[in-house]
Amino acid sequence: MPDPRKRRGVRHGCAALLAVGVAAVLGGAKSFTAIGEWTADADPVVLAELGMLGAAATESTFRRLFAMVDADELDQRLGAWAATREAIVEGRRVYAIDGKTVRGAKHAPGGAPHLVAALTHAQGSVIGQVAVAAKSNEIPAVRDLFKHLQLTGAVVTLDAMHTQTDTAEQLTAAGADYVLTVKPNQPGLHARLKALPWKNIPAHTTTTTGHGRRTTRSIKVIDAPAWTGFTRATQVAQLRRTRTVKGKKTIEVVYLITSATHQAAPPATLAAWIRGHWHIENRLHWVRDVTFDEDRSQVRTGHAPRTMASLRNLAITLLRHAGWNNIAAGLRHHARDHKRVLS
């Protein structure tokens, strides 16, 4: 990573400070104060392995660098590293893309950053992240994120905000398949899909239970009508989710448009992709909100909120690659011994 600081007086390199910051986050650090404390307590041998020689860096050193570092460059480099360790599902890479606001930084100059991330369905690791520009929205940010992903032969799942013909065209031009959700926010398209003869189509149904919930998912798939208007649209689907919690039943029905053929995405596979997309909420956003307490973070200066979000993404990715499904347990495990972060 390029070091944005003036060379005079620099004691610790940019890479060393970022590496120690990642190690501290893996040990449960949620703030600059906690990163400084972790560094002060760490064995000098551990710090040396991470590139920090001599006296340990202080909290203010981390704070200054993380506010100045090129956040775009950092996310691109971390994404490139994660891409070398991707898992392939039935011969394909499958990405879920969604956005999250770092609410704790809402009082920062320019407001709270809104970050769009790509999460792998297979491992739940973050493969890329970009920031939404001020006075803009997720749609152009997602299209920018596409440029940093290996899309040839991949599948990309997106929520209803991104059910746009331009987005579909960009993905197919890059050699990827899309799975787009249609909800009432597009009333015309939603009504036409709803009016299709679904009652005559057989359903693929699965039921799961756990945590006091019973969820039944039924999916019906037919060939895409020509009037959808989406590039290479091949199939459309109706997905009905019935959830029962403590005797109370709720039903949600959404419609899908995909460029994946029936051979590549039969109903069971399409249903799995959609379920995998919804996991971005609890495998990434929920972890950052609850486990890392991101929405109450007081980090607000410069690029620091996004830099910290990137380090949290990396910590989640590292733990998942190491076999930890419970990120909170993984953080506690590494907090008990500074040397564990090195492995």
# chains A, B, ... in the order shown; residues from 1 in each chain; ligands from 1
>>> residues_around(residues="Ala315 (chain A)", least_positions_apart="6", cutoff="8 Å", atoms="only C-alpha atoms", output="list in words")
Val22, Val25 and Leu26 of chain A
>>> write_last_selection(atoms="C-alpha atoms", output="mmCIF file, in the first residue's frame")
data_model
loop_
_atom_site.group_PDB
_atom_site.id
_atom_site.type_symbol
_atom_site.label_atom_id
_atom_site.label_comp_id
_atom_site.auth_asym_id
_atom_site.auth_seq_id
_atom_site.Cartn_x
_atom_site.Cartn_y
_atom_site.Cartn_z
ATOM 1 C CA VAL A 22 -5.878 -6.367 11.171
ATOM 2 C CA VAL A 25 -9.311 -6.478 14.920
ATOM 3 C CA LEU A 26 -8.921 -10.283 14.804
#
>>> select_by_dssp(residues="region 21-172 of chain A", states="alpha helix (DSSP H)", output="JSON, numbers by chain")
{"A": [21, 22, 23, 24, 25, 26, 32, 33, 34, 35, 36, 37, 38, 39, 40, 41, 44, 45, 46, 47, 48, 49, 59, 60, 61, 62, 63, 64, 65, 66, 67, 68, 71, 72, 73, 74, 75, 76, 77, 78, 79, 80, 81, 82, 83, 138, 139, 140, 141, 142, 143, 144, 145, 146, 165, 166, 167, 168, 169, 170, 171, 172]}
>>> residues_around(residues="Gln76 (chain A)", least_positions_apart="5", cutoff="10 Å", atoms="only C-alpha atoms", output="ChimeraX atom specification")
/A:71,81-82,127-130,145,148-149
>>> write_last_selection(atoms="N, CA and C atoms", output="CSV table (one decimal), in the first residue's frame")
chain,number,residue,atom,x,y,z
A,71,ALA,N,-8.5,4.6,0.6
A,71,ALA,CA,-9.5,3.5,0.9
A,71,ALA,C,-9.9,2.7,-0.3
A,81,TRP,N,-6.5,-10.0,-3.2
A,81,TRP,CA,-6.0,-11.1,-2.4
A,81,TRP,C,-7.1,-12.2,-2.2
A,82,ALA,N,-8.3,-11.7,-1.8
A,82,ALA,CA,-9.4,-12.6,-1.5
A,82,ALA,C,-9.8,-13.5,-2.8
A,127,ILE,N,-15.1,-10.1,-1.2
A,127,ILE,CA,-14.3,-10.1,-2.4
A,127,ILE,C,-14.1,-8.7,-3.0
A,128,GLY,N,-14.8,-7.7,-2.5
A,128,GLY,CA,-14.7,-6.4,-3.1
A,128,GLY,C,-15.6,-5.4,-2.3
A,129,GLN,N,-15.2,-4.2,-2.3
A,129,GLN,CA,-16.0,-3.1,-1.7
A,129,GLN,C,-15.7,-1.8,-2.3
A,130,VAL,N,-16.8,-1.0,-2.5
A,130,VAL,CA,-16.6,0.4,-3.0
A,130,VAL,C,-17.6,1.3,-2.2
A,145,LEU,N,-18.2,-1.5,-8.9
A,145,LEU,CA,-17.7,-2.7,-8.2
A,145,LEU,C,-17.5,-3.8,-9.2
A,148,HIS,N,-14.1,-4.6,-10.6
A,148,HIS,CA,-13.0,-5.2,-9.8
A,148,HIS,C,-13.3,-6.7,-9.5
A,149,LEU,N,-14.3,-7.3,-10.1
A,149,LEU,CA,-14.6,-8.7,-9.8
A,149,LEU,C,-14.2,-9.5,-11.1
>>> closest_residue(among="A:Ala118, A:Leu151, A:His334, A:Ile219", to="Ala268 (chain A)", atoms="only C-alpha atoms")
A:Ile219
>>> closest_residue(among="A:Asn200, A:Thr250, A:Thr165, A:Thr172", to="Gly229 (chain A)", atoms="only C-alpha atoms")
A:Thr165
>>> residues_around(residues="Ala23 (chain A)", least_positions_apart="4", cutoff="9 Å", atoms="only C-alpha atoms", output="list in words")
Leu18, Ala19, Gly27, Gly28, Ala29, Ile35, Trp38, Leu50, Ala315, His334, His338, Val341 and Leu342 of chain A
>>> closest_residue(among="A:Ala24, A:Ala154, A:Leu239, A:Ala56", to="Arg340 (chain A)", atoms="only C-alpha atoms")
A:Ala24
>>> select_by_dssp(residues="region 162-316 of chain A", states="strand (DSSP E or B)", output="PyMOL selection string")
chain A and resi 177-182+204-210+213-223+235-245+248-258
>>> write_last_selection(atoms="N, CA and C atoms", output="tab-separated table (two decimals), in the first residue's frame")
chain	number	residue	atom	x	y	z
A	177	ASP	N	-23.67	-14.33	-15.31
A	177	ASP	CA	-25.12	-14.45	-15.24
A	177	ASP	C	-25.62	-13.62	-14.08
A	178	TYR	N	-26.82	-13.10	-14.22
A	178	TYR	CA	-27.43	-12.31	-13.15
A	178	TYR	C	-28.66	-13.03	-12.60
A	179	VAL	N	-28.96	-12.75	-11.34
A	179	VAL	CA	-30.21	-13.16	-10.71
A	179	VAL	C	-30.76	-11.91	-10.03
A	180	LEU	N	-31.84	-11.35	-10.59
A	180	LEU	CA	-32.39	-10.08	-10.14
A	180	LEU	C	-33.75	-10.30	-9.50
A	181	THR	N	-34.02	-9.57	-8.44
A	181	THR	CA	-35.28	-9.68	-7.71
A	181	THR	C	-36.23	-8.58	-8.15
A	182	VAL	N	-37.48	-8.94	-8.34
A	182	VAL	CA	-38.51	-7.96	-8.72
A	182	VAL	C	-39.54	-7.87	-7.60
A	204	HIS	N	-40.92	-26.46	-6.68
A	204	HIS	CA	-39.87	-27.14	-5.91
A	204	HIS	C	-39.91	-26.54	-4.51
A	205	THR	N	-40.12	-27.38	-3.50
A	205	THR	CA	-40.36	-26.90	-2.14
A	205	THR	C	-39.37	-27.50	-1.16
A	206	THR	N	-38.87	-26.64	-0.24
A	206	THR	CA	-38.02	-27.10	0.86
A	206	THR	C	-38.51	-26.46	2.15
A	207	THR	N	-38.30	-27.17	3.26
A	207	THR	CA	-38.68	-26.66	4.58
A	207	THR	C	-37.51	-26.79	5.53
A	208	THR	N	-37.24	-25.72	6.26
A	208	THR	CA	-36.17	-25.74	7.27
A	208	THR	C	-36.76	-25.31	8.61
A	209	THR	N	-36.17	-25.82	9.68
A	209	THR	CA	-36.59	-25.45	11.03
A	209	THR	C	-35.36	-25.13	11.86
A	210	GLY	N	-35.54	-24.30	12.87
A	210	GLY	CA	-34.44	-23.92	13.75
A	210	GLY	C	-34.69	-22.58	14.39
A	213	ARG	N	-38.18	-21.26	14.48
A	213	ARG	CA	-38.81	-20.85	13.24
A	213	ARG	C	-38.98	-22.07	12.32
A	214	ARG	N	-40.01	-22.00	11.53
A	214	ARG	CA	-40.23	-22.98	10.46
A	214	ARG	C	-40.43	-22.19	9.17
A	215	THR	N	-39.57	-22.46	8.19
A	215	THR	CA	-39.61	-21.71	6.95
A	215	THR	C	-39.77	-22.67	5.78
A	216	THR	N	-40.79	-22.41	4.96
A	216	THR	CA	-41.03	-23.20	3.75
A	216	THR	C	-40.82	-22.30	2.55
A	217	ARG	N	-39.98	-22.75	1.62
A	217	ARG	CA	-39.69	-22.00	0.40
A	217	ARG	C	-40.15	-22.81	-0.80
A	218	SER	N	-40.96	-22.19	-1.64
A	218	SER	CA	-41.44	-22.84	-2.86
A	218	SER	C	-41.06	-21.97	-4.05
A	219	ILE	N	-40.48	-22.58	-5.07
A	219	ILE	CA	-40.08	-21.84	-6.26
A	219	ILE	C	-40.67	-22.50	-7.49
A	220	LYS	N	-41.20	-21.65	-8.38
A	220	LYS	CA	-41.74	-22.08	-9.67
A	220	LYS	C	-40.99	-21.33	-10.76
A	221	VAL	N	-40.58	-22.02	-11.79
A	221	VAL	CA	-39.73	-21.43	-12.82
A	221	VAL	C	-40.30	-21.72	-14.20
A	222	ILE	N	-40.31	-20.68	-15.07
A	222	ILE	CA	-40.73	-20.84	-16.46
A	222	ILE	C	-39.78	-20.05	-17.35
A	223	ASP	N	-39.88	-20.26	-18.66
A	223	ASP	CA	-39.06	-19.49	-19.60
A	223	ASP	C	-39.44	-18.02	-19.53
A	235	GLN	N	-34.91	-17.18	-17.79
A	235	GLN	CA	-35.94	-17.74	-16.91
A	235	GLN	C	-36.51	-16.65	-16.00
A	236	VAL	N	-37.77	-16.83	-15.62
A	236	VAL	CA	-38.36	-16.03	-14.55
A	236	VAL	C	-38.91	-17.00	-13.52
A	237	ALA	N	-38.98	-16.55	-12.28
A	237	ALA	CA	-39.41	-17.45	-11.21
A	237	ALA	C	-40.27	-16.72	-10.21
A	238	GLN	N	-41.12	-17.48	-9.56
A	238	GLN	CA	-41.90	-16.99	-8.42
A	238	GLN	C	-41.38	-17.72	-7.18
A	239	LEU	N	-40.96	-16.96	-6.20
A	239	LEU	CA	-40.45	-17.55	-4.95
A	239	LEU	C	-41.38	-17.15	-3.81
A	240	ARG	N	-41.95	-18.15	-3.17
A	240	ARG	CA	-42.85	-17.91	-2.03
A	240	ARG	C	-42.18	-18.42	-0.76
A	241	ARG	N	-42.06	-17.54	0.20
A	241	ARG	CA	-41.45	-17.92	1.48
A	241	ARG	C	-42.49	-17.78	2.59
A	242	THR	N	-42.77	-18.87	3.27
A	242	THR	CA	-43.73	-18.88	4.37
A	242	THR	C	-42.98	-19.16	5.66
A	243	ARG	N	-43.04	-18.22	6.57
A	243	ARG	CA	-42.31	-18.35	7.83
A	243	ARG	C	-43.30	-18.37	9.00
A	244	THR	N	-43.12	-19.34	9.89
A	244	THR	CA	-43.97	-19.46	11.08
A	244	THR	C	-43.10	-19.33	12.32
A	245	VAL	N	-43.39	-18.32	13.13
A	245	VAL	CA	-42.67	-18.08	14.37
A	245	VAL	C	-43.68	-17.95	15.49
A	248	LYS	N	-47.27	-17.58	14.53
A	248	LYS	CA	-47.60	-16.48	13.64
A	248	LYS	C	-46.97	-16.72	12.27
A	249	LYS	N	-47.81	-16.71	11.24
A	249	LYS	CA	-47.35	-17.01	9.89
A	249	LYS	C	-47.24	-15.73	9.05
A	250	THR	N	-46.13	-15.61	8.33
A	250	THR	CA	-45.96	-14.51	7.37
A	250	THR	C	-45.59	-15.11	6.02
A	251	ILE	N	-46.07	-14.49	4.96
A	251	ILE	CA	-45.81	-14.98	3.60
A	251	ILE	C	-45.23	-13.84	2.78
A	252	GLU	N	-44.14	-14.13	2.11
A	252	GLU	CA	-43.52	-13.16	1.21
A	252	GLU	C	-43.39	-13.80	-0.17
A	253	VAL	N	-43.79	-13.06	-1.20
A	253	VAL	CA	-43.68	-13.55	-2.57
A	253	VAL	C	-42.86	-12.55	-3.38
A	254	VAL	N	-41.80	-13.04	-4.01
A	254	VAL	CA	-40.99	-12.20	-4.88
A	254	VAL	C	-40.83	-12.91	-6.22
A	255	TYR	N	-40.46	-12.12	-7.21
A	255	TYR	CA	-40.25	-12.67	-8.55
A	255	TYR	C	-38.79	-12.44	-8.96
A	256	LEU	N	-38.29	-13.33	-9.78
A	256	LEU	CA	-36.89	-13.30	-10.16
A	256	LEU	C	-36.76	-13.33	-11.68
A	257	ILE	N	-35.71	-12.67	-12.15
A	257	ILE	CA	-35.33	-12.74	-13.56
A	257	ILE	C	-33.87	-13.14	-13.60
A	258	THR	N	-33.55	-14.13	-14.42
A	258	THR	CA	-32.16	-14.57	-14.51
A	258	THR	C	-31.77	-14.88	-15.95
>>> residues_around(residues="Lys339 (chain A)", least_positions_apart="6", cutoff="10 Å", atoms="only C-alpha atoms", output="PyMOL selection string")
chain A and resi 23+42-43+45-47+49
>>> residues_around(residues="Thr84 (chain A)", least_positions_apart="6", cutoff="12 Å", atoms="only C-alpha atoms", output="VMD selection string")
chain A and resid 77 to 78 125 127 149 to 150 321
>>> write_last_selection(atoms="N, CA, C and O atoms", output="PDB file, in the first residue's frame")
ATOM      1  N   ARG A  77      -6.929  -3.904  -3.235  1.00  0.00           N
ATOM      2  CA  ARG A  77      -5.856  -4.860  -2.931  1.00  0.00           C
ATOM      3  C   ARG A  77      -6.376  -6.015  -2.073  1.00  0.00           C
ATOM      4  O   ARG A  77      -5.998  -7.173  -2.293  1.00  0.00           O
ATOM      5  N   LEU A  78      -7.212  -5.719  -1.116  1.00  0.00           N
ATOM      6  CA  LEU A  78      -7.773  -6.787  -0.294  1.00  0.00           C
ATOM      7  C   LEU A  78      -8.676  -7.697  -1.133  1.00  0.00           C
ATOM      8  O   LEU A  78      -8.681  -8.920  -0.963  1.00  0.00           O
ATOM      9  N   SER A 125     -16.926 -14.776   2.309  1.00  0.00           N
ATOM     10  CA  SER A 125     -15.792 -13.855   2.401  1.00  0.00           C
ATOM     11  C   SER A 125     -16.031 -12.655   1.490  1.00  0.00           C
ATOM     12  O   SER A 125     -16.705 -12.760   0.465  1.00  0.00           O
ATOM     13  N   ILE A 127     -15.143 -10.077  -1.215  1.00  0.00           N
ATOM     14  CA  ILE A 127     -14.296 -10.124  -2.403  1.00  0.00           C
ATOM     15  C   ILE A 127     -14.092  -8.744  -3.024  1.00  0.00           C
ATOM     16  O   ILE A 127     -13.293  -8.569  -3.943  1.00  0.00           O
ATOM     17  N   LEU A 149     -14.270  -7.251 -10.089  1.00  0.00           N
ATOM     18  CA  LEU A 149     -14.583  -8.662  -9.840  1.00  0.00           C
ATOM     19  C   LEU A 149     -14.236  -9.509 -11.053  1.00  0.00           C
ATOM     20  O   LEU A 149     -14.249  -9.035 -12.191  1.00  0.00           O
ATOM     21  N   GLN A 150     -13.939 -10.776 -10.803  1.00  0.00           N
ATOM     22  CA  GLN A 150     -13.721 -11.732 -11.883  1.00  0.00           C
ATOM     23  C   GLN A 150     -15.090 -12.269 -12.305  1.00  0.00           C
ATOM     24  O   GLN A 150     -15.609 -13.215 -11.726  1.00  0.00           O
ATOM     25  N   HIS A 321     -11.984 -18.380   6.246  1.00  0.00           N
ATOM     26  CA  HIS A 321     -11.014 -19.269   5.600  1.00  0.00           C
ATOM     27  C   HIS A 321     -10.379 -20.218   6.612  1.00  0.00           C
ATOM     28  O   HIS A 321      -9.961 -21.323   6.248  1.00  0.00           O
TER      29      HIS A 321
END
>>> closest_residue(among="A:His303, A:Arg63, A:Arg93, A:Arg192", to="Trp273 (chain A)", atoms="only C-alpha atoms")
A:Arg93
>>> atom_distance(atom1="CA of Gly104 (chain A)", atom2="CA of Ala57 (chain A)")
25.2 Å
>>> atom_distance(atom1="CA of Ala48 (chain A)", atom2="CA of Lys6 (chain A)")
23.0 Å
>>> residues_around(residues="Glu281 (chain A)", least_positions_apart="3", cutoff="12 Å", atoms="only C-alpha atoms", output="PDB file with N, CA and C atoms, in the first residue's frame")
ATOM      1  N   ALA A  96     -22.893 -12.321  -3.909  1.00  0.00           N
ATOM      2  CA  ALA A  96     -24.023 -11.506  -3.467  1.00  0.00           C
ATOM      3  C   ALA A  96     -23.524 -10.085  -3.266  1.00  0.00           C
ATOM      4  N   ILE A  97     -24.252  -9.118  -3.782  1.00  0.00           N
ATOM      5  CA  ILE A  97     -23.833  -7.719  -3.671  1.00  0.00           C
ATOM      6  C   ILE A  97     -24.936  -6.920  -2.978  1.00  0.00           C
ATOM      7  N   ASP A  98     -24.532  -6.154  -1.968  1.00  0.00           N
ATOM      8  CA  ASP A  98     -25.504  -5.334  -1.230  1.00  0.00           C
ATOM      9  C   ASP A  98     -24.750  -4.222  -0.512  1.00  0.00           C
ATOM     10  N   GLY A  99     -25.497  -3.207  -0.075  1.00  0.00           N
ATOM     11  CA  GLY A  99     -24.881  -2.051   0.554  1.00  0.00           C
ATOM     12  C   GLY A  99     -25.220  -1.927   2.023  1.00  0.00           C
ATOM     13  N   LYS A 100     -24.367  -1.194   2.752  1.00  0.00           N
ATOM     14  CA  LYS A 100     -24.567  -0.952   4.182  1.00  0.00           C
ATOM     15  C   LYS A 100     -23.989   0.413   4.547  1.00  0.00           C
ATOM     16  N   ALA A 117     -20.631  -3.979  -0.844  1.00  0.00           N
ATOM     17  CA  ALA A 117     -19.675  -5.077  -0.805  1.00  0.00           C
ATOM     18  C   ALA A 117     -20.172  -6.262  -1.611  1.00  0.00           C
ATOM     19  N   ALA A 118     -19.208  -7.057  -2.100  1.00  0.00           N
ATOM     20  CA  ALA A 118     -19.508  -8.321  -2.770  1.00  0.00           C
ATOM     21  C   ALA A 118     -19.049  -9.450  -1.855  1.00  0.00           C
ATOM     22  N   LEU A 119     -19.966 -10.369  -1.551  1.00  0.00           N
ATOM     23  CA  LEU A 119     -19.696 -11.490  -0.649  1.00  0.00           C
ATOM     24  C   LEU A 119     -19.826 -12.792  -1.428  1.00  0.00           C
ATOM     25  N   HIS A 121     -20.868 -16.500  -1.987  1.00  0.00           N
ATOM     26  CA  HIS A 121     -21.866 -17.383  -1.412  1.00  0.00           C
ATOM     27  C   HIS A 121     -21.210 -18.567  -0.711  1.00  0.00           C
ATOM     28  N   GLY A 124     -18.612 -16.965   2.323  1.00  0.00           N
ATOM     29  CA  GLY A 124     -18.990 -15.802   3.106  1.00  0.00           C
ATOM     30  C   GLY A 124     -17.831 -14.848   3.301  1.00  0.00           C
ATOM     31  N   ASP A 159     -30.388  -7.335  -5.150  1.00  0.00           N
ATOM     32  CA  ASP A 159     -31.746  -7.096  -4.671  1.00  0.00           C
ATOM     33  C   ASP A 159     -32.516  -6.215  -5.641  1.00  0.00           C
ATOM     34  N   ARG A 275     -31.385 -17.806  -1.714  1.00  0.00           N
ATOM     35  CA  ARG A 275     -31.188 -17.946  -0.268  1.00  0.00           C
ATOM     36  C   ARG A 275     -29.776 -17.490   0.110  1.00  0.00           C
ATOM     37  N   GLY A 276     -28.806 -17.835  -0.734  1.00  0.00           N
ATOM     38  CA  GLY A 276     -27.435 -17.390  -0.483  1.00  0.00           C
ATOM     39  C   GLY A 276     -27.301 -15.886  -0.519  1.00  0.00           C
ATOM     40  N   HIS A 277     -28.081 -15.228  -1.391  1.00  0.00           N
ATOM     41  CA  HIS A 277     -28.021 -13.768  -1.441  1.00  0.00           C
ATOM     42  C   HIS A 277     -28.516 -13.153  -0.139  1.00  0.00           C
ATOM     43  N   TRP A 278     -29.587 -13.668   0.402  1.00  0.00           N
ATOM     44  CA  TRP A 278     -30.119 -13.109   1.649  1.00  0.00           C
ATOM     45  C   TRP A 278     -29.141 -13.289   2.817  1.00  0.00           C
ATOM     46  N   LEU A 284     -22.513 -10.860   6.890  1.00  0.00           N
ATOM     47  CA  LEU A 284     -21.636  -9.692   6.786  1.00  0.00           C
ATOM     48  C   LEU A 284     -22.188  -8.496   7.556  1.00  0.00           C
ATOM     49  N   HIS A 285     -23.355  -8.000   7.141  1.00  0.00           N
ATOM     50  CA  HIS A 285     -23.879  -6.782   7.767  1.00  0.00           C
ATOM     51  C   HIS A 285     -24.168  -6.991   9.254  1.00  0.00           C
ATOM     52  N   TRP A 286     -24.802  -8.113   9.593  1.00  0.00           N
ATOM     53  CA  TRP A 286     -25.126  -8.378  11.001  1.00  0.00           C
ATOM     54  C   TRP A 286     -23.846  -8.531  11.813  1.00  0.00           C
ATOM     55  N   VAL A 287     -22.854  -9.206  11.264  1.00  0.00           N
ATOM     56  CA  VAL A 287     -21.593  -9.407  11.984  1.00  0.00           C
ATOM     57  C   VAL A 287     -20.914  -8.079  12.247  1.00  0.00           C
ATOM     58  N   ARG A 288     -20.868  -7.218  11.240  1.00  0.00           N
ATOM     59  CA  ARG A 288     -20.236  -5.918  11.450  1.00  0.00           C
ATOM     60  C   ARG A 288     -21.030  -5.066  12.430  1.00  0.00           C
ATOM     61  N   ASP A 289     -22.357  -5.129  12.372  1.00  0.00           N
ATOM     62  CA  ASP A 289     -23.198  -4.333  13.266  1.00  0.00           C
ATOM     63  C   ASP A 289     -23.135  -4.827  14.704  1.00  0.00           C
ATOM     64  N   VAL A 290     -23.312  -6.129  14.879  1.00  0.00           N
ATOM     65  CA  VAL A 290     -23.475  -6.691  16.223  1.00  0.00           C
ATOM     66  C   VAL A 290     -22.145  -7.152  16.814  1.00  0.00           C
TER      67      VAL A 290
END
